[in-house]
Amino acid sequence: MKPPKFEYYKPATLEEALNLLEEAGDDGKIIAGGQSLVPIMNMRLASPKCLIDINGLEELSYIKNEDNTLKIGTLTRQSDVEQSEMVANVCGLLAEAITQIGHVQTRNRGTIGGSIVHADPSAELPLALLTLNGSVQITSKDEVRTVAAEDFFITYLTTDIMPTEVLTEVTIPLMEEKSGYSFQEVARRHGDFALVAAACHMTVDDEGIITAVRLALGGVEAIPLLIGDAEDILTGEQLSDLLMEQVTESVEMESDPESDLHASSEYRMHLAKVLTKRVLTQAYERARG
Amino acid sequence: MGKHEIEVTINGKVYQEEVEPRMLLSDFVRDVCGLTGTHVGCEHGVCGACTINVNGSAVRSCLMFAIQADGQQVQTVEGLTSNHELTDLQKNFIECHGLQCGFCTAGILMSTEDYLEKNPNPSSKEIKEMLSGHLCRCTGYDGIVKAIEKTIEERNQSVLS
């Protein structure tokens, strides 16, 4: 359980990091918190020849609320976001999701950007980002581009990011209206990857009519899955058992979970439907206040 | 792939050593610095035995390379006190049967001290959530929770008086 040999670089600026990344080509790998990368290196599932450590780039660690958009630097530790009062006030879904990532000790080191580029299909942050209609800023030597969460995740552990690019910022649009949220997951043990996770964000008007809703599931497909039908079924309505039943039918049609050591496909589907109802109910209750 | 010279301060003492980049911080602490109080269990971040404090946060030392600790402040279980006496938390672990074989204990002590510094009055549920980052095969955790709760109570009383 020792990692293979590699060369190590610790750039002092983002520019230097991008230059190193370009020189290293396919052999290069960015390390930030290392809470996913180091385990897979220790198990020799990955053996990058060249590690570029961005932990010295303090300028990539920040949490800001600008123009009603939450902006989080890629290197911000998960525990810093967890402890941020501002995040808890303006983006409760993110705060709730973060408490369910790994353990206190891994969140102290794990970063926001790292978890998103790692793109585990049942990880919390990719699911939260998709549910909140967020996007990521990706920087290379030549350009800075922004990609919506809906387009960023491609398949298992694979995203739209190129070997010469670094994810630099995560942005989440904030809602002014009355909104509610819920993030729930089922895992075998506290801190394990979820078998299935569900997240919901919705806004309602004074009569309790749903004006906007986003529902997404993790662990049921290769990438976090937005249940697009939920928006069509629920918008303009008050939440009811009948409508929730319709949403779970869509969940069954749109997702096809795999079986593995931890859970069968049928069990994951069962969890997906149960969690869908739970997050819709909790988000609605919170939105109505 | 040569060696790099690093300088790490562990428990107030500066260690200047040459390391390969791939050397884990846990191995550096134990094998290079001889501080074997830090234990190594799973080596992929699950068991929590190797937890130490780096720059004021409890982290897994098996998920960091020693070279990443260059210039950083590290505390291990040996550094909890400077006078070779046990801390109040350590005494309560003994008193409340918070350990049997002791393999997990060093990591749990390091996590707990960091956690209590940031959250001086956690609920039982919060303590258990913090402990979920550690595997103990002996105690069933009950004694550990009791030891931590007793320590909190005693520290609160000493603040009051």
# chains A, B, ... in the order shown; residues from 1 in each chain; ligands from 1
call {"tool": "interface_residues", "arguments": {"of": "chain A", "to": "chain B", "cutoff": "12 Å", "atoms": "only C-alpha atoms", "output": "PyMOL selection string"}}
result
chain A and resi 1-10+31-45+47-56+77+79-80+83+99-110+189-193
call {"tool": "select_by_dssp", "arguments": {"residues": "segment 104-264 of chain A", "states": "alpha helix (DSSP H)", "output": "PyMOL selection string"}}
result
chain A and resi 104-107+112-118+124-131+149-152+228-234+241-254
call {"tool": "residues_around", "arguments": {"residues": "Lys141 of chain A", "least_positions_apart": "4", "cutoff": "12 Å", "atoms": "only C-alpha atoms", "output": "PyMOL selection string"}}
result
chain A and resi 14-23+145+162-166
call {"tool": "write_last_selection", "arguments": {"atoms": "all heavy atoms", "output": "short mmCIF file (atom, residue, chain, number, x, y, z; two decimals), in the first residue's frame"}}
result
data_model
loop_
_atom_site.label_atom_id
_atom_site.label_comp_id
_atom_site.auth_asym_id
_atom_site.auth_seq_id
_atom_site.Cartn_x
_atom_site.Cartn_y
_atom_site.Cartn_z
N LEU A 14 -0.59 30.15 -10.26
CA LEU A 14 -1.44 29.36 -11.16
C LEU A 14 -0.79 29.25 -12.53
O LEU A 14 -0.83 28.19 -13.17
CB LEU A 14 -2.83 30.03 -11.26
CG LEU A 14 -3.83 29.33 -12.19
CD1 LEU A 14 -4.11 27.90 -11.74
CD2 LEU A 14 -5.15 30.12 -12.25
N GLU A 15 -0.16 30.35 -12.96
CA GLU A 15 0.51 30.36 -14.27
C GLU A 15 1.58 29.26 -14.33
O GLU A 15 1.67 28.51 -15.30
CB GLU A 15 1.14 31.73 -14.48
CG GLU A 15 1.49 32.01 -15.91
CD GLU A 15 2.30 33.29 -16.06
OE1 GLU A 15 2.35 34.10 -15.11
OE2 GLU A 15 2.91 33.44 -17.13
N GLU A 16 2.35 29.20 -13.25
CA GLU A 16 3.39 28.17 -13.18
C GLU A 16 2.77 26.77 -13.22
O GLU A 16 3.28 25.87 -13.89
CB GLU A 16 4.16 28.37 -11.86
CG GLU A 16 5.58 27.87 -11.89
CD GLU A 16 6.23 27.99 -10.50
OE1 GLU A 16 6.08 29.05 -9.83
OE2 GLU A 16 6.83 27.01 -10.08
N ALA A 17 1.68 26.60 -12.50
CA ALA A 17 1.00 25.30 -12.48
C ALA A 17 0.54 24.91 -13.87
O ALA A 17 0.69 23.77 -14.31
CB ALA A 17 -0.19 25.34 -11.51
N LEU A 18 -0.02 25.89 -14.61
CA LEU A 18 -0.52 25.60 -15.95
C LEU A 18 0.62 25.27 -16.91
O LEU A 18 0.49 24.40 -17.78
CB LEU A 18 -1.35 26.78 -16.47
CG LEU A 18 -2.65 27.04 -15.71
CD1 LEU A 18 -3.26 28.38 -16.09
CD2 LEU A 18 -3.66 25.92 -15.94
N ASN A 19 1.76 25.96 -16.74
CA ASN A 19 2.93 25.65 -17.57
C ASN A 19 3.41 24.23 -17.31
O ASN A 19 3.71 23.48 -18.23
CB ASN A 19 4.07 26.63 -17.29
CG ASN A 19 3.82 27.97 -17.95
OD1 ASN A 19 3.13 28.05 -18.97
ND2 ASN A 19 4.35 29.04 -17.36
N LEU A 20 3.50 23.87 -16.02
CA LEU A 20 3.95 22.53 -15.65
C LEU A 20 3.01 21.46 -16.21
O LEU A 20 3.44 20.43 -16.72
CB LEU A 20 4.00 22.39 -14.12
CG LEU A 20 5.17 23.07 -13.42
CD1 LEU A 20 4.89 23.20 -11.93
CD2 LEU A 20 6.45 22.28 -13.64
N LEU A 21 1.72 21.76 -16.14
CA LEU A 21 0.72 20.81 -16.61
C LEU A 21 0.86 20.59 -18.11
O LEU A 21 0.76 19.46 -18.61
CB LEU A 21 -0.67 21.38 -16.28
CG LEU A 21 -1.83 20.44 -16.10
CD1 LEU A 21 -1.50 19.31 -15.14
CD2 LEU A 21 -3.04 21.20 -15.58
N GLU A 22 1.13 21.67 -18.83
CA GLU A 22 1.29 21.54 -20.29
C GLU A 22 2.55 20.75 -20.64
O GLU A 22 2.54 19.89 -21.52
CB GLU A 22 1.33 22.92 -20.93
CG GLU A 22 1.19 22.84 -22.43
CD GLU A 22 0.68 24.14 -23.02
OE1 GLU A 22 -0.53 24.40 -22.88
OE2 GLU A 22 1.50 24.88 -23.59
N GLU A 23 3.63 21.02 -19.89
CA GLU A 23 4.88 20.29 -20.15
C GLU A 23 4.70 18.79 -19.84
O GLU A 23 5.21 17.95 -20.57
CB GLU A 23 5.99 20.81 -19.22
CG GLU A 23 6.68 22.06 -19.74
CD GLU A 23 7.55 22.67 -18.65
OE1 GLU A 23 8.14 21.92 -17.84
OE2 GLU A 23 7.60 23.92 -18.58
N ARG A 145 -12.74 29.14 -19.37
CA ARG A 145 -14.09 28.86 -19.86
C ARG A 145 -14.98 28.41 -18.72
O ARG A 145 -14.51 27.94 -17.68
CB ARG A 145 -14.07 27.82 -20.99
CG ARG A 145 -13.51 26.47 -20.58
CD ARG A 145 -13.28 25.58 -21.81
NE ARG A 145 -12.78 24.28 -21.39
CZ ARG A 145 -13.50 23.17 -21.33
NH1 ARG A 145 -14.77 23.19 -21.67
NH2 ARG A 145 -12.98 22.03 -20.93
N MET A 162 -9.80 18.96 -19.66
CA MET A 162 -8.70 18.43 -20.47
C MET A 162 -7.43 18.30 -19.62
O MET A 162 -7.31 18.97 -18.60
CB MET A 162 -8.42 19.38 -21.64
CG MET A 162 -9.55 19.46 -22.64
SD MET A 162 -9.60 17.94 -23.58
CE MET A 162 -11.32 17.60 -23.60
N PRO A 163 -6.47 17.47 -20.06
CA PRO A 163 -5.26 17.28 -19.24
C PRO A 163 -4.49 18.58 -18.96
O PRO A 163 -3.75 18.64 -17.97
CB PRO A 163 -4.40 16.34 -20.10
CG PRO A 163 -5.35 15.64 -20.98
CD PRO A 163 -6.48 16.59 -21.24
N THR A 164 -4.66 19.59 -19.80
CA THR A 164 -3.91 20.83 -19.58
C THR A 164 -4.72 21.88 -18.82
O THR A 164 -4.29 23.02 -18.69
CB THR A 164 -3.49 21.44 -20.93
OG1 THR A 164 -4.66 21.55 -21.75
CG2 THR A 164 -2.45 20.58 -21.62
N GLU A 165 -5.88 21.49 -18.33
CA GLU A 165 -6.76 22.46 -17.67
C GLU A 165 -6.87 22.22 -16.16
O GLU A 165 -6.69 21.10 -15.69
CB GLU A 165 -8.17 22.39 -18.27
CG GLU A 165 -8.23 22.86 -19.71
CD GLU A 165 -9.63 22.73 -20.30
OE1 GLU A 165 -10.29 21.70 -20.06
OE2 GLU A 165 -10.04 23.65 -21.01
N VAL A 166 -7.21 23.29 -15.46
CA VAL A 166 -7.44 23.20 -14.00
C VAL A 166 -8.81 23.79 -13.70
O VAL A 166 -9.16 24.87 -14.21
CB VAL A 166 -6.37 24.01 -13.22
CG1 VAL A 166 -6.63 23.92 -11.72
CG2 VAL A 166 -4.98 23.52 -13.54
#
call {"tool": "select_by_dssp", "arguments": {"residues": "segment 58-239 of chain A", "states": "strand (DSSP E or B)", "output": "ChimeraX atom specification"}}
result
/A:63-66,69-73,77,111,135-139,144-148,153-155,158-159,166-173,179-186,196-204,210-218,225-226
call {"tool": "closest_residue", "arguments": {"among": "A:Thr276, A:Ser135, A:Thr76, A:Thr168", "to": "Leu215 of chain A", "atoms": "only C-alpha atoms"}}
result
A:Thr276
call {"tool": "closest_residue", "arguments": {"among": "A:Gly236, A:Gly92, A:Gly180, A:Gly218", "to": "Asp120 of chain A", "atoms": "only C-alpha atoms"}}
result
A:Gly218
call {"tool": "atom_distance", "arguments": {"atom1": "atom CA of Gly41 of chain B", "atom2": "atom CA of Ser61 of chain B"}}
result
10.9 Å
